[in-house]
$ cat query.csv   # CSV, C-alpha atoms
chain,number,residue,atom,x,y,z
R,1,MET,CA,47.7,101.3,26.2
R,2,SER,CA,48.1,98.3,23.8
R,3,SER,CA,46.8,98.7,20.3
R,4,ASN,CA,46.9,94.9,19.5
R,5,PRO,CA,43.5,93.6,18.3
R,6,PRO,CA,41.8,91.0,20.5
R,7,LEU,CA,42.4,87.4,19.6
R,8,SER,CA,39.7,85.7,17.5
R,9,ALA,CA,38.0,82.5,18.7
R,10,GLU,CA,39.9,80.5,16.1
R,11,GLU,CA,43.2,81.9,17.4
R,12,VAL,CA,42.3,81.0,21.0
R,13,ALA,CA,41.3,77.5,19.9
R,14,ASP,CA,44.6,77.1,18.0
R,15,PHE,CA,46.6,78.2,21.0
R,16,LEU,CA,44.9,75.8,23.4
R,17,ARG,CA,45.3,72.9,20.9
R,18,ALA,CA,49.0,73.8,20.6
R,19,THR,CA,49.4,74.1,24.4
R,20,PRO,CA,47.6,71.1,25.9
R,21,ASP,CA,49.2,71.6,29.3
R,22,PHE,CA,47.9,75.2,29.6
R,23,PHE,CA,45.2,74.4,32.1
R,24,GLU,CA,47.6,72.3,34.2
R,25,HIS,CA,49.5,75.4,34.9
R,26,HIS,CA,46.5,77.7,35.1
R,27,ALA,CA,43.8,75.6,36.8
R,28,GLU,CA,42.2,78.6,38.3
R,29,VAL,CA,41.3,79.8,34.8
R,30,LEU,CA,39.5,76.5,34.0
R,31,LEU,CA,37.6,76.6,37.2
R,32,ASN,CA,36.4,80.2,36.6
R,33,ILE,CA,35.2,79.6,33.1
R,34,ASN,CA,31.4,79.1,32.8
R,35,VAL,CA,29.6,77.8,29.7
R,36,ALA,CA,25.9,77.4,28.9
R,37,HIS,CA,24.2,74.3,30.2
R,38,PRO,CA,23.3,72.1,27.1
R,39,HIS,CA,19.7,71.6,28.4
R,40,GLY,CA,18.9,74.9,30.0
R,41,GLY,CA,19.7,78.6,30.3
R,42,ARG,CA,21.9,78.5,33.3
R,43,THR,CA,25.7,78.3,33.2
R,44,VAL,CA,28.0,75.6,34.5
R,45,SER,CA,31.7,75.2,34.8
R,46,ILE,CA,33.8,73.5,32.1
R,47,PRO,CA,34.4,70.3,34.2
R,48,GLU,CA,30.7,70.0,34.9
R,49,ARG,CA,30.0,70.5,31.2
R,50,GLN,CA,32.5,67.8,30.3
R,51,LEU,CA,30.8,65.5,32.8
R,52,ILE,CA,27.4,66.1,31.2
R,53,ALA,CA,28.8,65.4,27.8
R,54,THR,CA,30.4,62.2,29.1
R,55,ARG,CA,27.1,61.0,30.6
R,56,GLU,CA,25.3,61.7,27.3
R,57,LYS,CA,27.9,59.7,25.4
R,58,VAL,CA,27.5,56.8,27.9
R,59,LYS,CA,23.7,56.9,27.4
R,60,LEU,CA,24.1,56.7,23.6
R,61,LEU,CA,26.6,53.8,23.9
R,62,GLU,CA,24.2,52.0,26.3
R,63,ALA,CA,21.3,52.4,23.8
R,64,LYS,CA,23.5,51.2,20.9
R,65,LEU,CA,24.6,48.2,23.0
R,66,ALA,CA,20.9,47.4,23.9
R,67,GLU,CA,20.1,47.5,20.2
R,68,LEU,CA,22.9,45.2,19.3
R,69,LEU,CA,21.9,42.7,22.0
R,70,LYS,CA,18.3,42.8,20.7
R,71,PHE,CA,19.5,42.1,17.1
R,72,GLY,CA,21.7,39.3,18.5
R,73,GLU,CA,18.8,37.7,20.3
R,74,GLU,CA,16.6,38.0,17.2
R,75,ASN,CA,19.2,36.3,15.1
R,76,ASP,CA,19.7,33.5,17.6
R,77,ALA,CA,16.0,32.9,17.6
R,78,LEU,CA,15.8,32.9,13.8
R,79,SER,CA,18.9,30.6,13.5
R,80,GLN,CA,17.2,28.2,15.9
R,81,ARG,CA,14.0,28.2,13.8
R,82,ILE,CA,16.0,27.6,10.6
R,83,HIS,CA,17.9,24.7,12.3
R,84,ASP,CA,14.5,23.1,13.3
R,85,LEU,CA,13.3,23.5,9.7
R,86,MET,CA,16.4,21.8,8.3
R,87,LEU,CA,15.9,18.9,10.7
R,88,LYS,CA,12.3,18.5,9.7
R,89,LEU,CA,13.2,18.6,6.0
R,90,ILE,CA,15.9,16.0,6.4
R,91,ALA,CA,13.4,13.7,8.2
R,92,CYS,CA,10.9,13.8,5.3
R,93,ASP,CA,10.5,10.6,3.3
R,94,GLY,CA,9.3,11.9,0.0
R,95,VAL,CA,8.8,14.9,-2.3
R,96,ASP,CA,5.3,15.6,-1.1
R,97,ALA,CA,6.4,15.6,2.5
R,98,ILE,CA,9.3,17.9,1.8
R,99,VAL,CA,7.2,20.4,-0.1
R,100,ASP,CA,4.4,20.4,2.5
R,101,THR,CA,6.9,20.8,5.4
R,102,LEU,CA,8.8,23.6,3.7
R,103,LEU,CA,5.7,25.6,2.8
R,104,LEU,CA,3.9,25.1,6.0
R,105,GLU,CA,6.9,25.9,8.2
R,106,LEU,CA,7.5,29.2,6.3
R,107,LEU,CA,3.9,30.1,6.6
R,108,ASP,CA,3.5,29.2,10.3
R,109,ASN,CA,6.8,29.5,12.0
R,110,PHE,CA,8.4,32.3,9.9
R,111,GLN,CA,5.1,34.2,9.4
R,112,VAL,CA,5.7,34.5,5.6
R,113,PRO,CA,2.2,35.3,4.3
R,114,HIS,CA,2.6,33.8,0.8
R,115,VAL,CA,5.0,31.0,-0.3
R,116,ALA,CA,5.2,29.2,-3.6
R,117,LEU,CA,7.6,26.6,-5.1
R,118,ARG,CA,8.4,25.6,-8.7
R,119,LEU,CA,10.6,22.8,-9.8
R,120,TRP,CA,11.9,22.1,-13.3
R,121,ASP,CA,14.3,19.8,-15.2
R,122,VAL,CA,13.7,17.0,-12.8
R,123,THR,CA,11.9,13.7,-12.9
R,124,PRO,CA,9.5,12.3,-11.9
R,125,THR,CA,7.0,15.2,-12.2
R,126,GLN,CA,3.6,15.3,-10.7
R,127,ASP,CA,0.4,17.1,-11.4
R,128,THR,CA,0.9,19.6,-8.6
R,129,PRO,CA,1.6,23.4,-8.8
R,130,GLU,CA,5.2,22.8,-7.9
R,131,PHE,CA,5.8,21.0,-11.2
R,132,GLN,CA,3.8,23.4,-13.5
R,133,PRO,CA,5.8,24.7,-16.5
R,134,VAL,CA,7.6,28.0,-16.2
R,135,ALA,CA,9.0,30.3,-18.9
R,136,ASN,CA,12.5,29.8,-20.2
R,137,GLU,CA,13.2,33.4,-19.4
R,138,LEU,CA,12.5,32.8,-15.7
R,139,LYS,CA,14.7,29.7,-15.7
R,140,GLN,CA,17.6,31.7,-17.2
R,141,PHE,CA,17.1,34.5,-14.7
R,142,VAL,CA,17.2,32.1,-11.8
R,143,GLU,CA,20.2,30.3,-13.3
R,144,ALA,CA,22.1,33.6,-13.4
R,145,MET,CA,21.3,34.5,-9.7
R,146,LYS,CA,24.3,34.5,-7.4
R,147,THR,CA,22.3,35.1,-4.3
R,148,PRO,CA,18.7,35.3,-3.3
R,149,TYR,CA,16.8,38.3,-4.6
R,150,CYS,CA,14.9,40.5,-2.2
R,151,GLY,CA,13.0,43.6,-3.3
R,152,SER,CA,9.7,45.2,-4.4
R,153,HIS,CA,9.6,43.9,-8.0
R,154,PRO,CA,8.3,40.5,-9.1
R,155,VAL,CA,10.3,38.6,-11.8
R,156,TYR,CA,8.4,37.7,-15.0
R,157,GLU,CA,5.3,35.8,-14.2
R,158,THR,CA,6.1,34.8,-10.6
R,159,HIS,CA,3.6,37.2,-9.0
R,160,THR,CA,0.8,35.3,-10.8
R,161,TRP,CA,1.6,32.2,-8.7
R,162,PHE,CA,-0.3,33.8,-5.9
R,163,GLY,CA,-3.6,34.2,-7.8
R,164,ASP,CA,-6.0,36.8,-6.3
R,165,HIS,CA,-3.4,38.0,-3.8
R,166,ALA,CA,-1.0,39.1,-6.6
R,167,PRO,CA,-2.2,42.7,-6.9
R,168,HIS,CA,-1.7,43.3,-3.2
R,169,LEU,CA,1.9,42.0,-2.9
R,170,LYS,CA,4.6,44.6,-2.3
R,171,SER,CA,7.8,42.7,-1.5
R,172,TYR,CA,9.4,39.5,-2.7
R,173,ALA,CA,12.2,37.1,-1.9
R,174,LEU,CA,13.4,34.7,-4.6
R,175,VAL,CA,15.6,31.8,-3.5
R,176,PRO,CA,17.2,29.7,-6.3
R,177,LEU,CA,17.2,25.9,-5.7
R,178,ARG,CA,20.4,24.2,-7.0
R,179,GLY,CA,21.8,20.7,-6.8
R,180,GLY,CA,23.2,17.8,-8.7
R,181,ALA,CA,26.4,17.8,-10.8
R,182,GLY,CA,27.6,21.3,-11.3
R,183,GLU,CA,25.0,22.6,-8.9
R,184,ARG,CA,22.5,23.2,-11.7
R,185,THR,CA,19.3,25.2,-11.0
R,186,MET,CA,16.3,23.0,-10.4
R,187,GLY,CA,13.7,25.4,-9.1
R,188,LEU,CA,12.7,28.5,-7.3
R,189,LEU,CA,11.3,29.2,-3.8
R,190,LEU,CA,9.3,32.4,-3.8
R,191,MET,CA,8.1,34.3,-0.8
R,192,ALA,CA,5.9,37.4,-0.9
R,193,SER,CA,4.2,39.9,1.4
R,194,GLU,CA,1.8,42.8,1.4
R,195,ASN,CA,4.3,44.6,3.7
R,196,ALA,CA,6.7,46.6,1.5
R,197,SER,CA,9.5,46.4,4.2
R,198,ARG,CA,9.3,42.6,4.7
R,199,PHE,CA,11.7,41.8,1.9
R,200,TYR,CA,13.9,44.7,1.1
R,201,ALA,CA,16.9,45.2,-1.3
R,202,ASP,CA,19.6,45.5,1.3
R,203,MET,CA,18.5,42.7,3.7
R,204,GLY,CA,20.8,39.9,4.5
R,205,THR,CA,20.3,36.7,2.5
R,206,LEU,CA,22.5,34.2,4.4
R,207,PHE,CA,19.5,32.4,6.0
R,208,LEU,CA,17.6,32.3,2.8
R,209,THR,CA,20.6,30.8,1.0
R,210,ARG,CA,20.8,28.0,3.6
R,211,ILE,CA,17.1,27.2,3.4
R,212,GLY,CA,17.4,26.9,-0.4
R,213,GLU,CA,20.5,24.7,-0.2
R,214,VAL,CA,18.9,22.3,2.3
R,215,ALA,CA,15.6,22.2,0.5
R,216,ALA,CA,17.3,21.4,-2.9
R,217,HIS,CA,19.5,18.6,-1.5
R,218,CYS,CA,16.6,17.0,0.4
R,219,LEU,CA,14.4,17.1,-2.8
R,220,LEU,CA,17.2,15.5,-4.9
R,221,ARG,CA,17.1,12.5,-2.6
R,222,HIS,CA,13.8,11.7,-4.3
R,223,LEU,CA,14.2,13.5,-7.7
R,224,VAL,CA,16.5,13.0,-10.6
R,225,MET,CA,17.7,15.9,-12.7
R,226,LEU,CA,17.2,15.6,-16.4
R,227,PRO,CA,20.2,15.9,-18.7
R,228,ALA,CA,21.1,19.5,-19.3
R,229,PRO,CA,19.5,20.8,-22.6
R,230,THR,CA,21.9,21.5,-25.5
R,231,PRO,CA,22.3,25.1,-26.7
R,232,ALA,CA,20.4,24.2,-29.9
R,233,ALA,CA,17.5,22.8,-28.0
R,234,THR,CA,17.3,25.8,-25.7
R,235,ALA,CA,17.3,28.2,-28.7
R,236,ALA,CA,14.6,26.2,-30.4
R,237,GLU,CA,12.3,26.5,-27.3
$ encode --input "query.csv" --output "structure tokens"
Amino acid sequence: MSSNPPLSAEEVADFLRATPDFFEHHAEVLLNINVAHPHGGRTVSIPERQLIATREKVKLLEAKLAELLKFGEENDALSQRIHDLMLKLIACDGVDAIVDTLLLELLDNFQVPHVALRLWDVTPTQDTPEFQPVANELKQFVEAMKTPYCGSHPVYETHTWFGDHAPHLKSYALVPLRGGAGERTMGLLLMASENASRFYADMGTLFLTRIGEVAAHCLLRHLVMLPAPTPAATAAE
């Protein structure tokens, strides 16, 4: 009678990994091994169990593919709306028309609940909200932005641009407007929502960047940027 201890599960697994052709030479062993069904108490053969696992993987892949297709369709639709917005901005014949078109399109066709725009260091200026003075700290913040900002925190006084709605806003998108020589900052497009997940920190900003670029270049067809302030003048302010 053999006194050798039985093999452990790990040793059996190591043996099978080291001998991949074992079941080719001992097919009857494979056919006679039963394992628990993944969704019930009964047992099934290993080939049947492998078939069940393969079907489940296929279902997961199909679900993932459907999700990717859905995202692709949504991006195509969004891209088309942005293309239409750009064409409308290009067709505008003045600052007022550009501002009105930009704000109304974002409100109506992009379902952004709250939109505001501020322009600075350009002439001529008008007695409209878009040309109201903004703090130098905000100008410097926007000047330093490399990409649009999306998140839950307003920057400086920007949330006050929405008046009575300000206390209820939970997410923001800040899009810098740049143009002219050296692509200087000339303003800020601000969007906000009561929905905390509308503008979130990790969302893509490619489309926002394109909207800002086209809006700025269309505005500069009718506005002239003022000379850049000297460091001494900036410090004095």
$ atom_distance --input "query.csv" --atom1 "CA of Asn75 in chain R" --atom2 "CA of Ala201 in chain R"
18.8 Å
$ atom_distance --input "query.csv" --atom1 "CA of Leu7 in chain R" --atom2 "CA of Thr54 in chain R"
29.5 Å
$ closest_residue --input "query.csv" --among "R:Asn195, R:Asp202, R:Pro133, R:Val99" --to "Ala216 in chain R" --atoms "all atoms listed in the file"
R:Val99
$ atom_distance --input "query.csv" --atom1 "CA of Leu103 in chain R" --atom2 "CA of Leu189 in chain R"
9.4 Å
$ residues_near_point --input "query.csv" --point "(17.4, 28.7, -8.6)" --cutoff "6 Å" --atoms "all atoms listed in the file" --output "ChimeraX atom specification"
/R:142-143,176-178,185,187-188
$ residues_around --input "query.csv" --residues "Val214 in chain R" --least-positions-apart "6" --cutoff "9 Å" --atoms "all atoms listed in the file" --output "PyMOL selection string"
chain R and resi 86+89-90+177
$ closest_residue --input "query.csv" --among "R:Ala228, R:Val175, R:Leu119, R:Ala97" --to "Ala144 in chain R" --atoms "all atoms listed in the file"
R:Val175
$ closest_residue --input "query.csv" --among "R:Pro6, R:Pro129, R:Gly204, R:Pro113" --to "Trp161 in chain R" --atoms "all atoms listed in the file"
R:Pro129
$ residues_around --input "query.csv" --residues "Ala116 in chain R" --least-positions-apart "6" --cutoff "12 Å" --atoms "all atoms listed in the file" --output "count of residues only"
29
$ closest_residue --input "query.csv" --among "R:Asp93, R:Asp21, R:Glu73, R:Asp121" --to "Arg221 in chain R" --atoms "only C-alpha atoms"
R:Asp93
$ closest_residue --input "query.csv" --among "R:Pro5, R:Gly72, R:Pro167, R:Gly94" --to "Cys218 in chain R" --atoms "all atoms listed in the file"
R:Gly94
$ closest_residue --input "query.csv" --among "R:Thr147, R:Asp127, R:Thr101, R:Leu206" --to "Val115 in chain R" --atoms "all atoms listed in the file"
R:Thr101
$ decode --input "query.csv" --residues "range 112-162 of chain R" --atoms "N, CA and C atoms" --output "JSON list (two decimals), in the first residue's frame"
[["chain", "number", "residue", "atom", "x", "y", "z"],
["R", 112, "VAL", "N", -27.79, 73.35, -22.49],
["R", 112, "VAL", "CA", -27.00, 73.89, -21.37],
["R", 112, "VAL", "C", -27.91, 74.88, -20.63],
["R", 113, "PRO", "N", -28.20, 74.66, -19.36],
["R", 113, "PRO", "CA", -29.20, 75.50, -18.67],
["R", 113, "PRO", "C", -28.79, 76.95, -18.51],
["R", 114, "HIS", "N", -27.49, 77.20, -18.31],
["R", 114, "HIS", "CA", -27.05, 78.56, -18.02],
["R", 114, "HIS", "C", -25.75, 78.85, -18.79],
["R", 115, "VAL", "N", -25.74, 79.95, -19.53],
["R", 115, "VAL", "CA", -24.57, 80.32, -20.33],
["R", 115, "VAL", "C", -24.31, 81.81, -20.16],
["R", 116, "ALA", "N", -23.04, 82.16, -20.01],
["R", 116, "ALA", "CA", -22.64, 83.56, -19.90],
["R", 116, "ALA", "C", -21.35, 83.76, -20.66],
["R", 117, "LEU", "N", -21.13, 85.01, -21.08],
["R", 117, "LEU", "CA", -19.93, 85.34, -21.86],
["R", 117, "LEU", "C", -19.38, 86.67, -21.36],
["R", 118, "ARG", "N", -18.06, 86.74, -21.24],
["R", 118, "ARG", "CA", -17.40, 88.00, -20.90],
["R", 118, "ARG", "C", -16.24, 88.20, -21.87],
["R", 119, "LEU", "N", -16.11, 89.46, -22.33],
["R", 119, "LEU", "CA", -15.04, 89.83, -23.25],
["R", 119, "LEU", "C", -14.26, 90.98, -22.64],
["R", 120, "TRP", "N", -12.94, 90.97, -22.83],
["R", 120, "TRP", "CA", -12.11, 92.05, -22.29],
["R", 120, "TRP", "C", -10.92, 92.33, -23.21],
["R", 121, "ASP", "N", -10.33, 93.49, -22.98],
["R", 121, "ASP", "CA", -9.16, 93.92, -23.77],
["R", 121, "ASP", "C", -9.46, 93.98, -25.26],
["R", 122, "VAL", "N", -10.71, 94.34, -25.60],
["R", 122, "VAL", "CA", -11.09, 94.50, -26.99],
["R", 122, "VAL", "C", -11.87, 95.80, -27.15],
["R", 123, "THR", "N", -11.92, 96.30, -28.37],
["R", 123, "THR", "CA", -12.67, 97.51, -28.68],
["R", 123, "THR", "C", -13.33, 97.31, -30.04],
["R", 124, "PRO", "N", -14.53, 97.83, -30.27],
["R", 124, "PRO", "CA", -15.27, 98.68, -29.33],
["R", 124, "PRO", "C", -16.00, 97.85, -28.27],
["R", 125, "THR", "N", -16.28, 98.48, -27.14],
["R", 125, "THR", "CA", -17.05, 97.84, -26.09],
["R", 125, "THR", "C", -18.47, 98.39, -26.11],
["R", 126, "GLN", "N", -19.37, 97.65, -25.54],
["R", 126, "GLN", "CA", -20.77, 98.04, -25.53],
["R", 126, "GLN", "C", -21.31, 97.93, -24.11],
["R", 127, "ASP", "N", -22.45, 98.55, -23.90],
["R", 127, "ASP", "CA", -23.08, 98.51, -22.58],
["R", 127, "ASP", "C", -23.96, 97.27, -22.47],
["R", 128, "THR", "N", -23.33, 96.12, -22.56],
["R", 128, "THR", "CA", -24.03, 94.84, -22.43],
["R", 128, "THR", "C", -23.27, 93.98, -21.43],
["R", 129, "PRO", "N", -23.92, 92.95, -20.88],
["R", 129, "PRO", "CA", -23.24, 92.11, -19.88],
["R", 129, "PRO", "C", -21.92, 91.52, -20.37],
["R", 130, "GLU", "N", -21.82, 91.25, -21.67],
["R", 130, "GLU", "CA", -20.61, 90.62, -22.19],
["R", 130, "GLU", "C", -19.37, 91.50, -22.05],
["R", 131, "PHE", "N", -19.56, 92.80, -21.93],
["R", 131, "PHE", "CA", -18.43, 93.72, -21.84],
["R", 131, "PHE", "C", -18.27, 94.32, -20.44],
["R", 132, "GLN", "N", -18.97, 93.75, -19.46],
["R", 132, "GLN", "CA", -18.80, 94.24, -18.09],
["R", 132, "GLN", "C", -17.41, 93.89, -17.58],
["R", 133, "PRO", "N", -16.81, 94.76, -16.76],
["R", 133, "PRO", "CA", -15.45, 94.51, -16.25],
["R", 133, "PRO", "C", -15.37, 93.22, -15.44],
["R", 134, "VAL", "N", -14.23, 92.59, -15.49],
["R", 134, "VAL", "CA", -13.97, 91.41, -14.67],
["R", 134, "VAL", "C", -12.67, 91.63, -13.91],
["R", 135, "ALA", "N", -12.50, 90.90, -12.83],
["R", 135, "ALA", "CA", -11.32, 91.07, -11.98],
["R", 135, "ALA", "C", -10.05, 90.63, -12.70],
["R", 136, "ASN", "N", -8.95, 91.32, -12.40],
["R", 136, "ASN", "CA", -7.67, 90.96, -13.00],
["R", 136, "ASN", "C", -7.27, 89.53, -12.64],
["R", 137, "GLU", "N", -7.64, 89.08, -11.43],
["R", 137, "GLU", "CA", -7.31, 87.71, -11.03],
["R", 137, "GLU", "C", -7.96, 86.70, -11.95],
["R", 138, "LEU", "N", -9.20, 86.99, -12.35],
["R", 138, "LEU", "CA", -9.89, 86.08, -13.27],
["R", 138, "LEU", "C", -9.21, 86.10, -14.64],
["R", 139, "LYS", "N", -8.85, 87.28, -15.12],
["R", 139, "LYS", "CA", -8.14, 87.37, -16.39],
["R", 139, "LYS", "C", -6.87, 86.53, -16.37],
["R", 140, "GLN", "N", -6.12, 86.64, -15.29],
["R", 140, "GLN", "CA", -4.86, 85.91, -15.18],
["R", 140, "GLN", "C", -5.11, 84.40, -15.12],
["R", 141, "PHE", "N", -6.18, 84.02, -14.42],
["R", 141, "PHE", "CA", -6.52, 82.60, -14.33],
["R", 141, "PHE", "C", -6.85, 82.04, -15.72],
["R", 142, "VAL", "N", -7.68, 82.76, -16.46],
["R", 142, "VAL", "CA", -8.07, 82.30, -17.79],
["R", 142, "VAL", "C", -6.87, 82.29, -18.73],
["R", 143, "GLU", "N", -6.01, 83.29, -18.62],
["R", 143, "GLU", "CA", -4.81, 83.36, -19.45],
["R", 143, "GLU", "C", -3.93, 82.14, -19.25],
["R", 144, "ALA", "N", -3.91, 81.60, -18.02],
["R", 144, "ALA", "CA", -3.04, 80.47, -17.71],
["R", 144, "ALA", "C", -3.66, 79.13, -18.08],
["R", 145, "MET", "N", -4.93, 79.11, -18.42],
["R", 145, "MET", "CA", -5.61, 77.85, -18.75],
["R", 145, "MET", "C", -5.06, 77.26, -20.05],
["R", 146, "LYS", "N", -4.73, 75.99, -20.03],
["R", 146, "LYS", "CA", -4.27, 75.30, -21.23],
["R", 146, "LYS", "C", -5.43, 74.66, -21.98],
["R", 147, "THR", "N", -6.44, 74.23, -21.25],
["R", 147, "THR", "CA", -7.64, 73.62, -21.82],
["R", 147, "THR", "C", -8.84, 74.12, -21.04],
["R", 148, "PRO", "N", -10.05, 73.92, -21.55],
["R", 148, "PRO", "CA", -11.23, 74.29, -20.77],
["R", 148, "PRO", "C", -11.27, 73.56, -19.43],
["R", 149, "TYR", "N", -11.85, 74.23, -18.46],
["R", 149, "TYR", "CA", -12.00, 73.64, -17.12],
["R", 149, "TYR", "C", -13.42, 73.12, -16.95],
["R", 150, "CYS", "N", -13.56, 71.91, -16.45],
["R", 150, "CYS", "CA", -14.86, 71.35, -16.10],
["R", 150, "CYS", "C", -14.78, 70.83, -14.67],
["R", 151, "GLY", "N", -15.77, 71.17, -13.86],
["R", 151, "GLY", "CA", -15.75, 70.72, -12.48],
["R", 151, "GLY", "C", -16.85, 71.35, -11.66],
["R", 152, "SER", "N", -16.76, 71.14, -10.36],
["R", 152, "SER", "CA", -17.83, 71.54, -9.44],
["R", 152, "SER", "C", -17.58, 72.88, -8.76],
["R", 153, "HIS", "N", -16.43, 73.49, -9.04],
["R", 153, "HIS", "CA", -16.10, 74.74, -8.34],
["R", 153, "HIS", "C", -16.08, 75.93, -9.30],
["R", 154, "PRO", "N", -16.81, 76.99, -8.97],
["R", 154, "PRO", "CA", -16.72, 78.21, -9.78],
["R", 154, "PRO", "C", -15.40, 78.91, -9.53],
["R", 155, "VAL", "N", -14.99, 79.74, -10.45],
["R", 155, "VAL", "CA", -13.71, 80.46, -10.34],
["R", 155, "VAL", "C", -13.98, 81.93, -10.05],
["R", 156, "TYR", "N", -13.44, 82.42, -8.96],
["R", 156, "TYR", "CA", -13.60, 83.81, -8.56],
["R", 156, "TYR", "C", -15.08, 84.20, -8.59],
["R", 157, "GLU", "N", -15.40, 85.30, -9.27],
["R", 157, "GLU", "CA", -16.77, 85.79, -9.20],
["R", 157, "GLU", "C", -17.67, 85.23, -10.28],
["R", 158, "THR", "N", -17.21, 84.24, -11.05],
["R", 158, "THR", "CA", -17.97, 83.81, -12.22],
["R", 158, "THR", "C", -19.38, 83.32, -11.89],
["R", 159, "HIS", "N", -19.57, 82.66, -10.75],
["R", 159, "HIS", "CA", -20.90, 82.14, -10.45],
["R", 159, "HIS", "C", -21.92, 83.25, -10.25],
["R", 160, "THR", "N", -21.45, 84.46, -9.91],
["R", 160, "THR", "CA", -22.39, 85.57, -9.71],
["R", 160, "THR", "C", -22.96, 86.08, -11.02],
["R", 161, "TRP", "N", -22.38, 85.67, -12.14],
["R", 161, "TRP", "CA", -22.89, 86.10, -13.44],
["R", 161, "TRP", "C", -24.29, 85.54, -13.71],
["R", 162, "PHE", "N", -24.69, 84.55, -12.93],
["R", 162, "PHE", "CA", -26.00, 83.94, -13.14],
["R", 162, "PHE", "C", -27.06, 84.40, -12.14]]
